[in-house]
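Structure file final-v4.tsv (TSV, C-alpha atoms) follows.
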```tsv
chain	number	residue	atom	x	y	z
A	1	ASP	CA	47.81	162.57	126.88
A	2	ALA	CA	45.61	164.46	124.45
A	3	LYS	CA	44.14	162.37	121.68
A	4	THR	CA	44.84	162.99	118.03
A	5	THR	CA	42.71	162.45	114.95
A	6	GLN	CA	44.26	161.63	111.59
A	7	PRO	CA	42.78	160.50	108.29
A	8	PRO	CA	43.29	156.76	107.87
A	9	SER	CA	44.90	157.05	104.46
A	10	MET	CA	46.19	159.50	101.87
A	11	ASP	CA	47.76	159.33	98.45
A	12	CYS	CA	50.45	161.57	97.03
A	13	ALA	CA	52.19	161.72	93.67
A	14	GLU	CA	55.92	161.30	93.69
A	15	GLY	CA	57.69	164.66	93.68
A	16	ARG	CA	54.72	166.52	95.06
A	17	ALA	CA	54.32	167.81	98.59
A	18	ALA	CA	52.54	165.52	101.01
A	19	ASN	CA	50.49	167.39	103.60
A	20	LEU	CA	49.37	165.20	106.47
A	21	PRO	CA	46.85	166.78	108.85
A	22	CYS	CA	46.35	166.08	112.52
A	23	ASN	CA	43.74	167.36	114.94
A	24	HIS	CA	44.58	167.64	118.62
A	25	SER	CA	41.85	169.91	119.90
A	26	THR	CA	42.34	169.00	123.57
A	27	ILE	CA	46.06	169.68	123.64
A	28	SER	CA	47.29	171.52	126.70
A	29	GLY	CA	50.02	174.08	127.08
A	30	ASN	CA	52.82	171.75	128.07
A	31	GLU	CA	52.17	169.12	125.41
A	32	TYR	CA	54.37	168.66	122.38
A	33	VAL	CA	53.30	167.45	118.95
A	34	TYR	CA	55.48	164.62	117.65
A	35	TRP	CA	55.50	162.95	114.27
A	36	TYR	CA	56.86	159.48	113.65
A	37	ARG	CA	56.55	157.15	110.74
A	38	GLN	CA	56.73	153.39	110.36
A	39	ILE	CA	57.76	151.76	107.14
A	40	HIS	CA	56.39	148.21	106.94
A	41	SER	CA	57.11	146.67	110.35
A	42	GLN	CA	60.30	148.57	111.00
A	43	GLY	CA	60.82	150.56	114.18
A	44	PRO	CA	59.02	153.90	114.39
A	45	GLN	CA	61.23	156.60	112.94
A	46	TYR	CA	61.28	160.07	114.44
A	47	ILE	CA	60.49	162.83	111.98
A	48	ILE	CA	59.96	166.10	113.83
A	49	HIS	CA	58.34	167.66	116.86
A	50	GLY	CA	57.23	171.07	118.06
A	51	LEU	CA	55.51	172.93	120.84
A	52	LYS	CA	54.20	176.20	119.46
A	53	ASN	CA	56.36	177.36	116.61
A	54	ASN	CA	56.62	175.88	113.17
A	55	GLU	CA	59.59	173.61	112.77
A	56	THR	CA	61.66	172.42	109.83
A	57	ASN	CA	64.38	169.85	109.49
A	58	GLU	CA	65.96	167.87	106.69
A	59	MET	CA	63.02	165.49	106.54
A	60	ALA	CA	59.93	167.63	106.91
A	61	SER	CA	58.19	170.75	108.12
A	62	LEU	CA	55.70	170.96	110.93
A	63	ILE	CA	53.07	173.65	110.86
A	64	ILE	CA	51.16	174.18	114.11
A	65	THR	CA	48.12	176.43	114.13
A	66	GLU	CA	48.13	179.41	116.41
A	67	ASP	CA	45.55	177.86	118.75
A	68	ARG	CA	47.60	174.61	118.69
A	69	LYS	CA	44.51	172.53	118.03
A	70	SER	CA	45.82	171.13	114.80
A	71	SER	CA	49.01	170.65	112.87
A	72	THR	CA	50.24	169.58	109.45
A	73	LEU	CA	53.28	167.57	108.57
A	74	ILE	CA	54.69	168.52	105.20
A	75	LEU	CA	56.99	166.30	103.18
A	76	PRO	CA	58.07	168.80	100.53
A	77	HIS	CA	58.99	166.38	97.75
A	78	ALA	CA	57.55	162.95	98.44
A	79	THR	CA	59.37	159.90	97.14
A	80	LEU	CA	58.28	156.28	96.92
A	81	ARG	CA	60.37	155.60	100.02
A	82	ASP	CA	58.11	157.93	101.99
A	83	THR	CA	55.29	155.39	101.72
A	84	ALA	CA	54.61	154.57	105.37
A	85	VAL	CA	52.21	154.97	108.26
A	86	TYR	CA	52.60	158.42	109.80
A	87	TYR	CA	51.76	158.96	113.46
A	88	CYS	CA	50.89	162.28	115.03
A	89	ILE	CA	51.37	162.00	118.80
A	90	VAL	CA	50.79	164.51	121.56
A	91	ARG	CA	53.18	164.02	124.41
A	92	SER	CA	53.07	165.72	127.78
A	93	TYR	CA	56.14	167.41	129.15
A	94	ASN	CA	55.63	165.33	132.28
A	95	THR	CA	55.25	161.89	130.79
A	96	ASP	CA	57.98	159.69	129.51
A	97	LYS	CA	56.08	157.68	126.93
A	98	LEU	CA	54.51	158.01	123.50
A	99	ILE	CA	51.01	156.71	122.87
A	100	PHE	CA	50.54	155.62	119.27
A	101	GLY	CA	47.22	155.81	117.46
A	102	THR	CA	46.40	154.24	114.14
A	103	GLY	CA	48.09	156.96	112.09
A	104	THR	CA	47.73	157.88	108.41
A	105	ARG	CA	48.83	155.41	105.79
A	106	LEU	CA	50.52	157.51	103.12
A	107	GLN	CA	50.87	155.91	99.71
A	108	VAL	CA	53.23	157.70	97.31
A	109	PHE	CA	52.63	156.67	93.73
A	110	PRO	CA	54.83	157.17	90.63
B	1	GLU	CA	74.41	158.37	113.76
B	2	PRO	CA	73.89	156.56	117.09
B	3	GLU	CA	71.12	154.00	117.08
B	4	VAL	CA	69.26	151.61	119.31
B	5	THR	CA	70.21	148.03	118.47
B	6	GLN	CA	68.17	144.95	119.24
B	7	THR	CA	68.85	141.24	119.24
B	8	PRO	CA	67.68	138.81	118.07
B	9	SER	CA	65.95	140.17	115.00
B	10	HIS	CA	63.69	137.13	114.95
B	11	GLN	CA	63.08	134.37	117.46
B	12	VAL	CA	60.79	131.40	117.35
B	13	THR	CA	59.97	129.80	120.67
B	14	GLN	CA	57.64	127.16	122.01
B	15	MET	CA	54.74	128.14	124.20
B	16	GLY	CA	55.72	128.10	127.85
B	17	GLN	CA	59.38	128.82	127.21
B	18	GLU	CA	61.24	131.81	128.58
B	19	VAL	CA	62.46	134.45	126.16
B	20	ILE	CA	64.92	137.27	126.65
B	21	LEU	CA	65.02	140.12	124.17
B	22	ARG	CA	68.07	142.32	124.26
B	23	CYS	CA	68.60	145.96	123.50
B	24	VAL	CA	71.55	148.31	123.51
B	25	PRO	CA	70.17	151.83	123.94
B	26	ILE	CA	71.98	154.88	122.63
B	27	SER	CA	74.93	155.74	124.81
B	28	ASN	CA	74.26	158.51	127.38
B	29	HIS	CA	70.50	157.97	127.18
B	30	LEU	CA	68.82	157.60	130.56
B	31	TYR	CA	65.25	156.50	129.80
B	32	PHE	CA	64.48	153.19	128.20
B	33	TYR	CA	61.30	151.64	126.89
B	34	TRP	CA	59.77	148.52	125.50
B	35	TYR	CA	56.87	148.61	123.08
B	36	ARG	CA	55.22	145.85	121.16
B	37	GLN	CA	53.20	145.60	117.97
B	38	ILE	CA	51.04	142.62	117.21
B	39	LEU	CA	50.79	142.06	113.47
B	40	GLY	CA	48.38	144.53	111.93
B	41	GLN	CA	47.77	146.39	115.18
B	42	LYS	CA	48.97	149.56	116.88
B	43	VAL	CA	52.30	150.08	118.54
B	44	GLU	CA	51.61	149.58	122.25
B	45	PHE	CA	53.57	150.87	125.23
B	46	LEU	CA	54.74	148.20	127.64
B	47	VAL	CA	57.13	149.75	130.12
B	48	SER	CA	59.50	152.61	130.78
B	49	PHE	CA	62.64	152.34	132.89
B	50	TYR	CA	64.77	154.96	134.55
B	51	ASN	CA	67.46	154.89	137.18
B	52	ASN	CA	67.34	151.10	137.43
B	53	GLU	CA	63.65	150.87	138.12
B	54	ILE	CA	60.38	150.79	136.30
B	55	SER	CA	58.90	154.27	136.06
B	56	GLU	CA	55.69	153.30	134.32
B	57	LYS	CA	54.07	150.17	132.94
B	58	SER	CA	50.94	149.35	131.02
B	59	GLU	CA	48.27	146.74	131.74
B	60	ILE	CA	49.94	144.48	129.22
B	61	PHE	CA	53.09	144.34	131.32
B	62	ASP	CA	51.93	141.70	133.80
B	63	ASP	CA	53.90	139.38	136.05
B	64	GLN	CA	55.10	137.35	133.08
B	65	PHE	CA	57.20	140.30	131.94
B	66	SER	CA	60.28	141.78	133.53
B	67	VAL	CA	62.97	144.24	132.52
B	68	GLU	CA	66.52	144.59	133.61
B	69	ARG	CA	69.61	146.62	132.93
B	70	PRO	CA	72.22	144.01	133.84
B	71	ASP	CA	75.19	146.18	132.97
B	72	GLY	CA	75.92	149.66	131.73
B	73	SER	CA	74.88	149.02	128.17
B	74	ASN	CA	72.21	146.34	127.83
B	75	PHE	CA	68.50	146.59	128.54
B	76	THR	CA	66.52	143.37	128.47
B	77	LEU	CA	62.91	142.27	128.32
B	78	LYS	CA	62.14	138.83	129.72
B	79	ILE	CA	58.95	136.92	129.14
B	80	ARG	CA	58.87	134.07	131.64
B	81	SER	CA	56.36	131.69	130.11
B	82	THR	CA	55.43	132.69	126.61
B	83	LYS	CA	51.91	132.43	125.28
B	84	LEU	CA	50.71	132.35	121.71
B	85	GLU	CA	49.39	135.90	122.10
B	86	ASP	CA	52.88	137.16	122.93
B	87	SER	CA	53.76	136.77	119.25
B	88	ALA	CA	54.58	140.29	118.16
B	89	MET	CA	57.31	142.70	117.18
B	90	TYR	CA	58.99	144.12	120.25
B	91	PHE	CA	60.63	147.52	120.00
B	92	CYS	CA	63.16	148.95	122.39
B	93	ALA	CA	63.55	152.71	122.62
B	94	SER	CA	65.61	155.26	124.50
B	95	THR	CA	65.82	158.98	125.12
B	96	PRO	CA	68.28	161.27	126.93
B	97	ASP	CA	65.55	162.38	129.30
B	98	ARG	CA	61.91	163.46	129.21
B	99	ALA	CA	60.70	166.90	128.58
B	100	GLY	CA	60.66	167.30	124.86
B	101	ASN	CA	63.52	164.99	124.02
B	102	THR	CA	63.17	162.64	121.12
B	103	ILE	CA	62.57	158.94	121.74
B	104	TYR	CA	64.55	156.75	119.35
B	105	PHE	CA	63.41	153.26	118.46
B	106	GLY	CA	65.29	150.15	117.47
B	107	GLU	CA	64.37	148.02	114.49
B	108	GLY	CA	62.60	145.47	116.61
B	109	SER	CA	62.72	141.81	117.57
B	110	TRP	CA	60.10	139.65	115.97
B	111	LEU	CA	58.90	136.99	118.41
B	112	THR	CA	56.90	134.03	117.18
B	113	VAL	CA	55.43	131.71	119.79
B	114	VAL	CA	54.34	128.32	118.47
```

Just give me the structure as structure tokens.
Amino acid sequence: DAKTTQPPSMDCAEGRAANLPCNHSTISGNEYVYWYRQIHSQGPQYIIHGLKNNETNEMASLIITEDRKSSTLILPHATLRDTAVYYCIVRSYNTDKLIFGTGTRLQVFP
Amino acid sequence: EPEVTQTPSHQVTQMGQEVILRCVPISNHLYFYWYRQILGQKVEFLVSFYNNEISEKSEIFDDQFSVERPDGSNFTLKIRSTKLEDSAMYFCASTPDRAGNTIYFGEGSWLTVV
């Protein structure tokens, strides 16, 4: 699996957009970009994933650069409940597991 | 919304005892996983299971660990002789199949070995 690089921590004001970056410069053509988050010690929660195109769902948007070497997770209106560790994970089409890194600890403040 | 359920939520056991952690994956999912997270550390892959056999396992998953799908709904992780360093949160997960499908996690079973 390609490795990802994320900033260790970020802050965001409540109500503002949170933009979480991720670098995956060694990603290959059949690898997806997944985003999960973990609130306290709860189970990792799926947020969104994509291959090439930008994706949006009720939780977030995923912007993948054209060369696929980086991506950004956007929480459009962050709330205090979005405070969590966010993991960007590159997953091969051919593997059946996720490899977690250390993620970005997002702190949303009032 | 369907979810992965795990029991117990918390278990305290004495070193050397056997522990079984139970999981009910999402119905119609075919791939199952166990992960663990030692307090303050990363979420670590232990094992994946498909078609009643292990498809992949990590170095952590040694002979003290085993997995089983005893019936059509449960998926279990057994630790034969627990050690202090087995204290962790254990997460079960499932997915319909590989290839771009989402893996869903349970809320975890917190194991404390004393």

Straight-line distance linking CA of Asn28 in chain B with CA of Val67 in chain B, stated in Å to one decimal: 18.9 Å

Please identify every residue of chain A that has at least one atom no more than 9 Å from any atom of chain B, counting only C-alpha atoms, and report them as number ranges by chain. A: 31-32, 34, 41-46, 48-51, 91-103

Would you kindly return, as a PDB file with C-alpha atoms, keeping the file's coordinate frame, each protein, DNA or RNA residue with an atom no farther than 8 Å from any atom of Thr4 in chain A, considering all atoms listed in the file and excluding same-chain residues fewer than 2 positions away?
```pdb
ATOM      1  CA  ALA A   2      45.610 164.460 124.450  1.00  0.00           C
ATOM      2  CA  GLN A   6      44.260 161.630 111.590  1.00  0.00           C
ATOM      3  CA  CYS A  22      46.350 166.080 112.520  1.00  0.00           C
ATOM      4  CA  ASN A  23      43.740 167.360 114.940  1.00  0.00           C
ATOM      5  CA  HIS A  24      44.580 167.640 118.620  1.00  0.00           C
ATOM      6  CA  SER A  25      41.850 169.910 119.900  1.00  0.00           C
ATOM      7  CA  CYS A  88      50.890 162.280 115.030  1.00  0.00           C
ATOM      8  CA  ILE A  89      51.370 162.000 118.800  1.00  0.00           C
ATOM      9  CA  VAL A  90      50.790 164.510 121.560  1.00  0.00           C
ATOM     10  CA  GLY A 101      47.220 155.810 117.460  1.00  0.00           C
TER      11      GLY A 101
END
```

Report as a PyMOL selection string all protein, DNA and RNA residues lying within 7 Å of range 73-80 of chain A, evaluated on all atoms listed in the file, omitting residues in the same chain fewer than 4 positions from it. chain A and resi 14-21+59-63+108-109

Calculated over all atoms listed in the file, which of the candidates A:Ile47, A:Ile64, A:Ile39, A:Ile27 has the smallest distance to Thr83 in chain A?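 Residue with the minimum atom-to-atom distance to Thr83 in chain A: A:Ile39.
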
Report, in Å with one decimal, the straight-line distance from CA of Ile26 in chain B to CA of Pro96 in chain B. 8.5 Å

Cut-off 8 Å around (57.2, 132.8, 126.2) with only C-alpha atoms: residues as a list of chain:residue names: B:Thr13, B:Gln14, B:Met15, B:Gly16, B:Gln17, B:Glu18, B:Val19, B:Ile79, B:Arg80, B:Ser81, B:Thr82, B:Lys83, B:Leu84, B:Asp86, B:Val113

Distance of CA of Ala84 in chain A from CA of Thr112 in chain B, expressed in Å to one decimal place: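 Computing it gives 23.8 Å between the two atoms.
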
Write out as lines of an AutoDock Vina configuration file an axis-aligned box for range 57-64 of chain B: all of its atoms listed in the file, 6 Å added on each side, centre and edge lengths in Å with one decimal.
```
center_x = 51.7
center_y = 143.8
center_z = 132.6
size_x = 18.8
size_y = 24.8
size_z = 18.8
```

Can you work out which one of B:Glu1, B:Ile20, B:Val114, B:Ser87 has the shortest atom-to-atom distance to Phe65 in chain B, counting only C-alpha atoms?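 Under the stated criterion, the closest residue is B:Ile20.
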
Coordinate excerpt as an mmCIF file, in the first residue's frame: range 73-97 of chain A, N, CA and C atoms:
```cif
data_model
loop_
_atom_site.group_PDB
_atom_site.id
_atom_site.type_symbol
_atom_site.label_atom_id
_atom_site.label_comp_id
_atom_site.auth_asym_id
_atom_site.auth_seq_id
_atom_site.Cartn_x
_atom_site.Cartn_y
_atom_site.Cartn_z
ATOM 1 N N LEU A 73 -9.702 16.416 2.292
ATOM 2 C CA LEU A 73 -11.027 16.142 2.837
ATOM 3 C C LEU A 73 -11.596 17.456 3.342
ATOM 4 N N ILE A 74 -12.814 17.755 2.925
ATOM 5 C CA ILE A 74 -13.448 18.995 3.331
ATOM 6 C C ILE A 74 -14.705 18.697 4.148
ATOM 7 N N LEU A 75 -14.696 19.199 5.384
ATOM 8 C CA LEU A 75 -15.924 19.195 6.185
ATOM 9 C C LEU A 75 -16.496 20.599 6.057
ATOM 10 N N PRO A 76 -17.605 20.759 5.364
ATOM 11 C CA PRO A 76 -18.011 22.112 4.972
ATOM 12 C C PRO A 76 -18.384 23.030 6.129
ATOM 13 N N HIS A 77 -18.964 22.502 7.164
ATOM 14 C CA HIS A 77 -19.363 23.325 8.315
ATOM 15 C C HIS A 77 -19.033 22.535 9.581
ATOM 16 N N ALA A 78 -17.821 22.681 10.038
ATOM 17 C CA ALA A 78 -17.360 21.859 11.163
ATOM 18 C C ALA A 78 -18.152 22.168 12.434
ATOM 19 N N THR A 79 -18.436 21.118 13.176
ATOM 20 C CA THR A 79 -19.069 21.255 14.484
ATOM 21 C C THR A 79 -18.138 20.673 15.545
ATOM 22 N N LEU A 80 -18.464 20.923 16.790
ATOM 23 C CA LEU A 80 -17.635 20.408 17.882
ATOM 24 C C LEU A 80 -17.566 18.887 17.833
ATOM 25 N N ARG A 81 -18.631 18.272 17.339
ATOM 26 C CA ARG A 81 -18.652 16.799 17.260
ATOM 27 C C ARG A 81 -17.744 16.246 16.176
ATOM 28 N N ASP A 82 -17.196 17.127 15.346
ATOM 29 C CA ASP A 82 -16.242 16.678 14.329
ATOM 30 C C ASP A 82 -14.823 16.587 14.880
ATOM 31 N N THR A 83 -14.627 16.970 16.125
ATOM 32 C CA THR A 83 -13.315 16.817 16.749
ATOM 33 C C THR A 83 -12.977 15.327 16.819
ATOM 34 N N ALA A 84 -11.863 14.954 16.173
ATOM 35 C CA ALA A 84 -11.528 13.542 16.029
ATOM 36 C C ALA A 84 -10.152 13.429 15.377
ATOM 37 N N VAL A 85 -9.667 12.209 15.283
ATOM 38 C CA VAL A 85 -8.479 11.925 14.479
ATOM 39 C C VAL A 85 -8.955 11.452 13.110
ATOM 40 N N TYR A 86 -8.449 12.084 12.068
ATOM 41 C CA TYR A 86 -8.854 11.783 10.703
ATOM 42 C C TYR A 86 -7.717 11.046 9.989
ATOM 43 N N TYR A 87 -8.072 9.913 9.403
ATOM 44 C CA TYR A 87 -7.087 9.073 8.736
ATOM 45 C C TYR A 87 -7.311 9.074 7.227
ATOM 46 N N CYS A 88 -6.253 9.363 6.510
ATOM 47 C CA CYS A 88 -6.244 9.238 5.062
ATOM 48 C C CYS A 88 -5.513 7.935 4.742
ATOM 49 N N ILE A 89 -6.149 7.043 4.024
ATOM 50 C CA ILE A 89 -5.599 5.708 3.795
ATOM 51 C C ILE A 89 -5.685 5.382 2.318
ATOM 52 N N VAL A 90 -4.589 4.896 1.772
ATOM 53 C CA VAL A 90 -4.592 4.447 0.387
ATOM 54 C C VAL A 90 -4.725 2.938 0.382
ATOM 55 N N ARG A 91 -5.671 2.462 -0.337
ATOM 56 C CA ARG A 91 -5.990 1.035 -0.313
ATOM 57 C C ARG A 91 -5.980 0.485 -1.728
ATOM 58 N N SER A 92 -5.231 -0.594 -1.903
ATOM 59 C CA SER A 92 -5.147 -1.212 -3.219
ATOM 60 C C SER A 92 -6.430 -1.943 -3.560
ATOM 61 N N TYR A 93 -6.761 -1.944 -4.806
ATOM 62 C CA TYR A 93 -7.894 -2.715 -5.315
ATOM 63 C C TYR A 93 -7.738 -4.185 -4.954
ATOM 64 N N ASN A 94 -6.497 -4.643 -4.845
ATOM 65 C CA ASN A 94 -6.256 -6.071 -4.677
ATOM 66 C C ASN A 94 -6.035 -6.508 -3.241
ATOM 67 N N THR A 95 -6.084 -5.584 -2.306
ATOM 68 C CA THR A 95 -5.870 -5.977 -0.925
ATOM 69 C C THR A 95 -7.159 -5.818 -0.149
ATOM 70 N N ASP A 96 -7.303 -6.613 0.869
ATOM 71 C CA ASP A 96 -8.552 -6.551 1.611
ATOM 72 C C ASP A 96 -8.358 -5.954 2.991
ATOM 73 N N LYS A 97 -7.364 -5.099 3.177
ATOM 74 C CA LYS A 97 -7.210 -4.487 4.486
ATOM 75 C C LYS A 97 -6.896 -2.997 4.343
#
```
